[in-house]
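The file input.txt comes next; it holds compact mmCIF, N, CA and C atoms.
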# COMPACT_ATOMS: atom_id res chain seq x y z
N MET A 1 14.57 -6.76 22.76
CA MET A 1 14.21 -7.24 24.08
C MET A 1 12.76 -6.88 24.35
N ASN A 2 11.97 -7.87 24.74
CA ASN A 2 10.58 -7.66 25.13
C ASN A 2 10.46 -7.84 26.64
N ILE A 3 9.72 -6.95 27.25
CA ILE A 3 9.47 -7.01 28.69
C ILE A 3 7.97 -6.98 28.89
N SER A 4 7.46 -7.93 29.67
CA SER A 4 6.02 -8.01 29.90
C SER A 4 5.72 -8.26 31.37
N SER A 5 4.58 -7.76 31.81
CA SER A 5 4.13 -8.09 33.15
C SER A 5 2.93 -9.01 33.03
N ILE A 6 2.89 -9.99 33.93
CA ILE A 6 1.84 -11.00 33.95
C ILE A 6 1.18 -10.98 35.32
N VAL A 7 -0.14 -10.99 35.34
CA VAL A 7 -0.87 -11.14 36.59
C VAL A 7 -1.38 -12.57 36.64
N ILE A 8 -0.98 -13.27 37.69
CA ILE A 8 -1.39 -14.65 37.91
C ILE A 8 -2.42 -14.66 39.03
N GLN A 9 -3.46 -15.46 38.88
CA GLN A 9 -4.48 -15.61 39.92
C GLN A 9 -4.55 -17.06 40.34
N CYS A 10 -4.48 -17.27 41.65
CA CYS A 10 -4.70 -18.60 42.22
C CYS A 10 -5.56 -18.43 43.46
N THR A 11 -6.03 -19.54 44.02
CA THR A 11 -6.81 -19.41 45.25
C THR A 11 -5.85 -19.11 46.40
N PRO A 12 -6.32 -18.38 47.41
CA PRO A 12 -5.45 -17.93 48.51
C PRO A 12 -4.66 -19.05 49.19
N GLU A 13 -5.23 -20.24 49.32
CA GLU A 13 -4.50 -21.30 50.02
C GLU A 13 -3.27 -21.80 49.27
N TYR A 14 -3.17 -21.49 47.97
CA TYR A 14 -2.03 -21.95 47.19
C TYR A 14 -1.03 -20.84 46.87
N VAL A 15 -1.31 -19.60 47.29
CA VAL A 15 -0.47 -18.48 46.89
C VAL A 15 0.97 -18.62 47.39
N GLU A 16 1.18 -19.01 48.63
CA GLU A 16 2.54 -19.09 49.16
C GLU A 16 3.37 -20.15 48.43
N GLY A 17 2.77 -21.30 48.15
CA GLY A 17 3.49 -22.35 47.43
C GLY A 17 3.83 -21.94 46.02
N LEU A 18 2.90 -21.27 45.37
CA LEU A 18 3.14 -20.80 44.00
C LEU A 18 4.20 -19.71 43.99
N VAL A 19 4.17 -18.82 44.96
CA VAL A 19 5.19 -17.77 45.06
C VAL A 19 6.57 -18.40 45.25
N THR A 20 6.65 -19.42 46.10
CA THR A 20 7.93 -20.12 46.32
C THR A 20 8.45 -20.69 45.00
N GLU A 21 7.55 -21.30 44.23
CA GLU A 21 7.94 -21.86 42.93
C GLU A 21 8.39 -20.77 41.97
N LEU A 22 7.67 -19.66 41.93
CA LEU A 22 8.00 -18.56 41.02
C LEU A 22 9.32 -17.88 41.40
N LYS A 23 9.62 -17.83 42.68
CA LYS A 23 10.87 -17.18 43.12
C LYS A 23 12.10 -17.94 42.67
N LYS A 24 11.94 -19.18 42.26
CA LYS A 24 13.08 -19.92 41.70
C LYS A 24 13.53 -19.30 40.38
N GLY A 25 12.63 -18.53 39.78
CA GLY A 25 12.99 -17.74 38.60
C GLY A 25 13.21 -18.50 37.32
N GLU A 26 12.67 -19.70 37.21
CA GLU A 26 12.90 -20.48 35.99
C GLU A 26 12.03 -20.03 34.82
N ILE A 27 10.87 -19.47 35.11
CA ILE A 27 9.98 -19.03 34.04
C ILE A 27 9.92 -17.51 33.97
N ALA A 28 9.72 -16.87 35.12
CA ALA A 28 9.53 -15.42 35.17
C ALA A 28 10.12 -14.89 36.46
N GLU A 29 10.26 -13.57 36.52
CA GLU A 29 10.81 -12.93 37.71
C GLU A 29 9.67 -12.47 38.62
N TYR A 30 9.60 -13.06 39.81
CA TYR A 30 8.58 -12.71 40.79
C TYR A 30 8.74 -11.26 41.23
N GLN A 31 7.60 -10.55 41.39
CA GLN A 31 7.62 -9.16 41.84
C GLN A 31 6.90 -8.96 43.16
N ILE A 32 5.61 -9.33 43.21
CA ILE A 32 4.79 -9.06 44.40
C ILE A 32 3.54 -9.95 44.37
N HIS A 33 2.94 -10.13 45.53
CA HIS A 33 1.66 -10.85 45.59
C HIS A 33 0.84 -10.33 46.76
N ASP A 34 -0.43 -10.73 46.80
CA ASP A 34 -1.28 -10.37 47.93
C ASP A 34 -1.95 -11.62 48.49
N GLU A 35 -2.66 -11.45 49.58
CA GLU A 35 -3.28 -12.59 50.27
C GLU A 35 -4.49 -13.13 49.52
N LEU A 36 -4.95 -12.42 48.50
CA LEU A 36 -6.10 -12.87 47.71
C LEU A 36 -5.71 -13.83 46.60
N GLY A 37 -4.40 -14.03 46.42
CA GLY A 37 -3.94 -14.96 45.39
C GLY A 37 -3.52 -14.31 44.09
N ARG A 38 -3.35 -13.00 44.09
CA ARG A 38 -2.86 -12.30 42.89
C ARG A 38 -1.36 -12.16 42.98
N ILE A 39 -0.69 -12.54 41.91
CA ILE A 39 0.77 -12.52 41.85
C ILE A 39 1.18 -11.79 40.58
N ILE A 40 2.17 -10.93 40.69
CA ILE A 40 2.70 -10.22 39.51
C ILE A 40 4.12 -10.69 39.26
N VAL A 41 4.38 -11.06 37.99
CA VAL A 41 5.72 -11.47 37.57
C VAL A 41 6.09 -10.69 36.31
N ILE A 42 7.38 -10.65 36.02
CA ILE A 42 7.91 -9.98 34.84
C ILE A 42 8.60 -11.01 33.95
N LEU A 43 8.37 -10.90 32.65
CA LEU A 43 9.05 -11.73 31.65
C LEU A 43 9.99 -10.86 30.84
N GLU A 44 11.14 -11.39 30.51
CA GLU A 44 12.05 -10.73 29.56
C GLU A 44 12.41 -11.77 28.52
N GLU A 45 12.12 -11.47 27.26
CA GLU A 45 12.38 -12.39 26.17
C GLU A 45 12.86 -11.62 24.95
N ASP A 46 13.44 -12.36 24.01
CA ASP A 46 13.92 -11.73 22.78
C ASP A 46 12.78 -11.40 21.81
N GLY A 47 11.67 -12.13 21.92
CA GLY A 47 10.57 -11.89 20.99
C GLY A 47 9.24 -12.32 21.56
N VAL A 48 8.20 -12.05 20.80
CA VAL A 48 6.85 -12.36 21.22
C VAL A 48 6.65 -13.86 21.40
N GLU A 49 7.27 -14.64 20.53
CA GLU A 49 7.11 -16.09 20.62
C GLU A 49 7.57 -16.61 21.98
N GLY A 50 8.69 -16.10 22.47
CA GLY A 50 9.20 -16.50 23.77
C GLY A 50 8.29 -16.06 24.90
N GLU A 51 7.73 -14.86 24.77
CA GLU A 51 6.79 -14.38 25.79
C GLU A 51 5.56 -15.27 25.87
N VAL A 52 5.02 -15.60 24.71
CA VAL A 52 3.82 -16.42 24.67
C VAL A 52 4.10 -17.82 25.22
N ALA A 53 5.26 -18.37 24.90
CA ALA A 53 5.63 -19.70 25.41
C ALA A 53 5.71 -19.69 26.93
N LYS A 54 6.32 -18.65 27.50
CA LYS A 54 6.43 -18.58 28.95
C LYS A 54 5.07 -18.29 29.61
N LEU A 55 4.25 -17.50 28.96
CA LEU A 55 2.91 -17.26 29.47
C LEU A 55 2.14 -18.58 29.56
N LYS A 56 2.27 -19.41 28.53
CA LYS A 56 1.60 -20.71 28.54
C LYS A 56 2.15 -21.61 29.64
N GLN A 57 3.44 -21.52 29.91
CA GLN A 57 4.03 -22.29 31.01
C GLN A 57 3.44 -21.85 32.35
N LEU A 58 3.30 -20.54 32.51
CA LEU A 58 2.70 -20.02 33.75
C LEU A 58 1.25 -20.48 33.89
N GLN A 59 0.51 -20.43 32.80
CA GLN A 59 -0.89 -20.84 32.83
C GLN A 59 -1.04 -22.32 33.18
N ALA A 60 -0.03 -23.12 32.84
CA ALA A 60 -0.09 -24.56 33.08
C ALA A 60 0.39 -24.98 34.47
N LEU A 61 0.92 -24.05 35.27
CA LEU A 61 1.39 -24.40 36.60
C LEU A 61 0.23 -24.88 37.47
N PRO A 62 0.48 -25.83 38.37
CA PRO A 62 -0.58 -26.30 39.26
C PRO A 62 -1.16 -25.15 40.09
N HIS A 63 -2.46 -25.15 40.23
CA HIS A 63 -3.22 -24.20 41.06
C HIS A 63 -3.37 -22.81 40.44
N VAL A 64 -2.86 -22.60 39.23
CA VAL A 64 -3.05 -21.31 38.56
C VAL A 64 -4.44 -21.29 37.93
N LEU A 65 -5.25 -20.33 38.34
CA LEU A 65 -6.58 -20.17 37.76
C LEU A 65 -6.52 -19.38 36.46
N SER A 66 -5.65 -18.37 36.44
CA SER A 66 -5.46 -17.58 35.23
C SER A 66 -4.09 -16.91 35.28
N ALA A 67 -3.56 -16.63 34.13
CA ALA A 67 -2.32 -15.85 33.98
C ALA A 67 -2.50 -15.02 32.71
N ASP A 68 -2.48 -13.72 32.87
CA ASP A 68 -2.76 -12.83 31.74
C ASP A 68 -1.70 -11.75 31.63
N MET A 69 -1.28 -11.49 30.40
CA MET A 69 -0.33 -10.42 30.13
C MET A 69 -1.08 -9.10 30.20
N VAL A 70 -0.60 -8.19 31.02
CA VAL A 70 -1.28 -6.90 31.16
C VAL A 70 -0.46 -5.74 30.61
N PHE A 71 0.80 -5.97 30.34
CA PHE A 71 1.65 -4.93 29.78
C PHE A 71 2.77 -5.60 29.00
N SER A 72 3.09 -5.05 27.85
CA SER A 72 4.20 -5.58 27.07
C SER A 72 4.93 -4.43 26.40
N TYR A 73 6.24 -4.46 26.47
CA TYR A 73 7.09 -3.45 25.84
C TYR A 73 8.05 -4.19 24.92
N ALA A 74 8.04 -3.84 23.64
CA ALA A 74 8.90 -4.49 22.66
C ALA A 74 9.87 -3.47 22.10
N GLU A 75 11.08 -3.47 22.61
CA GLU A 75 12.09 -2.48 22.25
C GLU A 75 12.39 -2.48 20.75
N ASP A 76 12.63 -3.67 20.18
CA ASP A 76 12.98 -3.75 18.76
C ASP A 76 11.83 -3.27 17.88
N GLU A 77 10.61 -3.65 18.23
CA GLU A 77 9.45 -3.22 17.46
C GLU A 77 9.27 -1.72 17.55
N LEU A 78 9.51 -1.16 18.72
CA LEU A 78 9.40 0.29 18.90
C LEU A 78 10.40 1.01 18.01
N GLU A 79 11.63 0.53 17.99
CA GLU A 79 12.66 1.15 17.15
C GLU A 79 12.32 1.04 15.67
N ALA A 80 11.77 -0.10 15.26
CA ALA A 80 11.39 -0.29 13.86
C ALA A 80 10.29 0.69 13.47
N GLU A 81 9.32 0.89 14.35
CA GLU A 81 8.24 1.84 14.08
C GLU A 81 8.77 3.28 14.05
N ARG A 82 9.70 3.60 14.92
CA ARG A 82 10.30 4.94 14.91
C ARG A 82 11.04 5.18 13.59
N ASP A 83 11.75 4.16 13.12
CA ASP A 83 12.45 4.27 11.84
C ASP A 83 11.47 4.54 10.71
N LYS A 84 10.32 3.86 10.73
CA LYS A 84 9.31 4.07 9.69
C LYS A 84 8.81 5.51 9.73
N LEU A 85 8.56 6.03 10.93
CA LEU A 85 8.06 7.40 11.05
C LEU A 85 9.07 8.42 10.54
N GLU A 86 10.35 8.17 10.79
CA GLU A 86 11.38 9.09 10.35
C GLU A 86 11.50 9.12 8.83
N LYS A 87 11.09 8.04 8.16
CA LYS A 87 11.17 7.97 6.70
C LYS A 87 9.96 8.58 6.02
N VAL A 88 8.90 8.85 6.75
CA VAL A 88 7.68 9.41 6.17
C VAL A 88 7.90 10.89 5.90
N ASP A 89 7.62 11.29 4.66
CA ASP A 89 7.81 12.69 4.28
C ASP A 89 6.56 13.53 4.47
N SER A 90 5.42 12.91 4.55
CA SER A 90 4.18 13.69 4.50
C SER A 90 3.33 13.53 5.76
N ILE A 91 3.87 13.92 6.89
CA ILE A 91 3.07 13.94 8.11
C ILE A 91 2.21 15.19 8.06
N PRO A 92 0.90 15.05 8.14
CA PRO A 92 0.03 16.23 8.06
C PRO A 92 0.34 17.23 9.17
N ASP A 93 0.24 18.51 8.83
CA ASP A 93 0.52 19.57 9.79
C ASP A 93 -0.36 19.49 11.03
N TRP A 94 -1.62 19.04 10.86
CA TRP A 94 -2.55 19.02 11.99
C TRP A 94 -2.09 18.05 13.08
N MET A 95 -1.24 17.07 12.74
CA MET A 95 -0.78 16.12 13.75
C MET A 95 0.16 16.78 14.76
N ASN A 96 0.77 17.88 14.39
CA ASN A 96 1.64 18.61 15.30
C ASN A 96 0.95 19.83 15.90
N ASP A 97 -0.33 19.99 15.60
CA ASP A 97 -1.10 21.13 16.09
C ASP A 97 -1.77 20.75 17.41
N PRO A 98 -1.40 21.38 18.54
CA PRO A 98 -2.00 21.04 19.82
C PRO A 98 -3.50 21.36 19.89
N ASP A 99 -3.99 22.19 18.97
CA ASP A 99 -5.40 22.55 18.95
C ASP A 99 -6.22 21.70 17.98
N ALA A 100 -5.60 20.70 17.38
CA ALA A 100 -6.29 19.85 16.40
C ALA A 100 -7.39 19.04 17.08
N THR A 101 -8.45 18.78 16.32
CA THR A 101 -9.56 17.96 16.82
C THR A 101 -9.78 16.79 15.87
N PHE A 102 -10.68 15.90 16.24
CA PHE A 102 -10.94 14.75 15.38
C PHE A 102 -11.52 15.19 14.03
N ASN A 103 -12.11 16.36 13.96
CA ASN A 103 -12.66 16.86 12.70
C ASN A 103 -11.56 17.16 11.68
N ASP A 104 -10.33 17.31 12.14
CA ASP A 104 -9.23 17.60 11.24
C ASP A 104 -8.73 16.35 10.51
N ILE A 105 -9.18 15.19 10.93
CA ILE A 105 -8.74 13.93 10.31
C ILE A 105 -9.51 13.72 9.02
N LYS A 106 -8.79 13.48 7.95
CA LYS A 106 -9.41 13.22 6.65
C LYS A 106 -9.11 11.78 6.27
N TYR A 107 -10.18 10.99 6.09
CA TYR A 107 -10.02 9.59 5.71
C TYR A 107 -10.06 9.49 4.20
N ASN A 108 -9.01 8.91 3.60
CA ASN A 108 -8.93 8.79 2.14
C ASN A 108 -8.99 7.34 1.69
N GLY A 109 -9.38 6.45 2.57
CA GLY A 109 -9.42 5.03 2.23
C GLY A 109 -10.78 4.60 1.73
N ASP A 110 -10.96 3.31 1.69
CA ASP A 110 -12.21 2.73 1.20
C ASP A 110 -12.53 1.52 2.04
N LEU A 111 -13.60 1.59 2.81
CA LEU A 111 -14.02 0.46 3.62
C LEU A 111 -14.99 -0.38 2.83
N LYS A 112 -14.45 -1.18 1.91
CA LYS A 112 -15.26 -2.07 1.06
C LYS A 112 -16.34 -1.32 0.30
N GLY A 113 -15.96 -0.18 -0.25
CA GLY A 113 -16.86 0.58 -1.10
C GLY A 113 -17.97 1.31 -0.38
N ARG A 114 -17.91 1.41 0.93
CA ARG A 114 -18.99 2.06 1.68
C ARG A 114 -18.87 3.58 1.68
N PHE A 115 -17.71 4.10 1.38
CA PHE A 115 -17.54 5.55 1.42
C PHE A 115 -17.14 6.09 0.08

Would it be possible to restate this file's structure as structure tokens?
Amino acid sequence: MNISSIVIQCTPEYVEGLVTELKKGEIAEYQIHDELGRIIVILEEDGVEGEVAKLKQLQALPHVLSADMVFSYAEDELEAERDKLEKVDSIPDWMNDPDATFNDIKYNGDLKGRF
């Protein structure tokens, strides 16, 4: 399950009409708006593709100047990353040291032969 918040911007004279349309809940769940034309909605989708499709639908609504995703939470992706971390055997000790600094990081890669 992915949950995202979208900030929609329209001109103030169209905010009430757009809010009425959004409250029908066909694309996203309306949350709040202000008199300046800023509207916040929430999307819930099974994956990123669905989120992007709904974001594009919001962007295409009449009188929408912009619609931008400002927060996204992907439950399945989070769990997959947690599983990967649990399988790693060699987490450096400094990562669990509250006194560690950036100087403790050792880069062992190669940026196109520059290092």

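Taking CA of His63 in chain A and CA of Cys10 in chain A as the two end points, the separation is 5.9 Å.
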
Using all atoms listed in the file, which of the listed residues (A:Lys87, A:Glu51, A:Val19, A:Asn2) sits closest to His33 in chain A?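 Counting all atoms listed in the file, the residue closest to His33 in chain A is A:Val19.
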
Residues at most 8 Å from Val64 in chain A, counting all atoms listed in the file, excluding those fewer than 2 positions away in the same chain, as a list in words? Ile8, Gln9, Cys10, Thr11, Leu18, Leu58, Gln59, Ala60, Leu61, Pro62, Ser66 and Ala67 of chain A

Residue with smallest distance to Val48 in chain A - pool A:Leu85, A:Val70, A:Met1, A:Glu35, counting all atoms listed in the file: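 When distances to Val48 in chain A are compared using all atoms listed in the file, the smallest one comes from A:Met1.
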
So how many Å separate CA of Gly47 in chain A and CA of Tyr30 in chain A, to one decimal? 19.9 Å

What gap, in Å, lies between atom C of Tyr107 in chain A and atom C of Trp94 in chain A?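 Taking atom C of Tyr107 in chain A as the start and atom C of Trp94 in chain A as the end point, the length is 14.7 Å.
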
Determine which residues of chain A receive a DSSP assignment of strand (DSSP E), computed from the backbone, and state them as a PyMOL selection string. chain A and resi 2-10+29-33+38-45+64-74

Using all atoms listed in the file, which residue out of A:Ala74, A:Phe102, A:Ile42, A:Val52 lies closest to Val7 in chain A?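 The shortest atom-to-atom distance to Val7 in chain A comes from A:Ile42.
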
Just list as a PyMOL selection string whatever in chain A DSSP marks as alpha helix (DSSP H). chain A and resi 15-23+48-59+75-87

Padded axis-aligned box of range 56-72 of chain A (4 Å per side), centre and edge lengths, Å, one decimal, as lines of an AutoDock Vina configuration file:
center_x = -0.8
center_y = -15.4
center_z = 33.7
size_x = 19.5
size_y = 29.9
size_z = 22.7

When you look at Phe71 in chain A with a cut-off of 9 Å (counting only C-alpha atoms), what residues show up, excluding the ones that are within fewer than 2 positions of it in the same chain? I need them as a count of residues only. 6

Shortest interatomic distance to Leu55 in chain A - which of A:Asp68, A:Glu29, A:Glu16, A:Glu81, counting all atoms listed in the file: A:Asp68

Given only C-alpha atoms as the basis, pick out the residue of A:Pro98, A:Ser72, A:Leu43, A:Glu77 nearest to Gln31 in chain A.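 When distances to Gln31 in chain A are compared using only C-alpha atoms, the smallest one comes from A:Leu43.
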
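When only C-alpha atoms are used to measure the gap to Glu13 in chain A, the shortest distance among A:Glu26, A:Glu79, A:Asp46, A:Asp34 belongs to A:Asp34.
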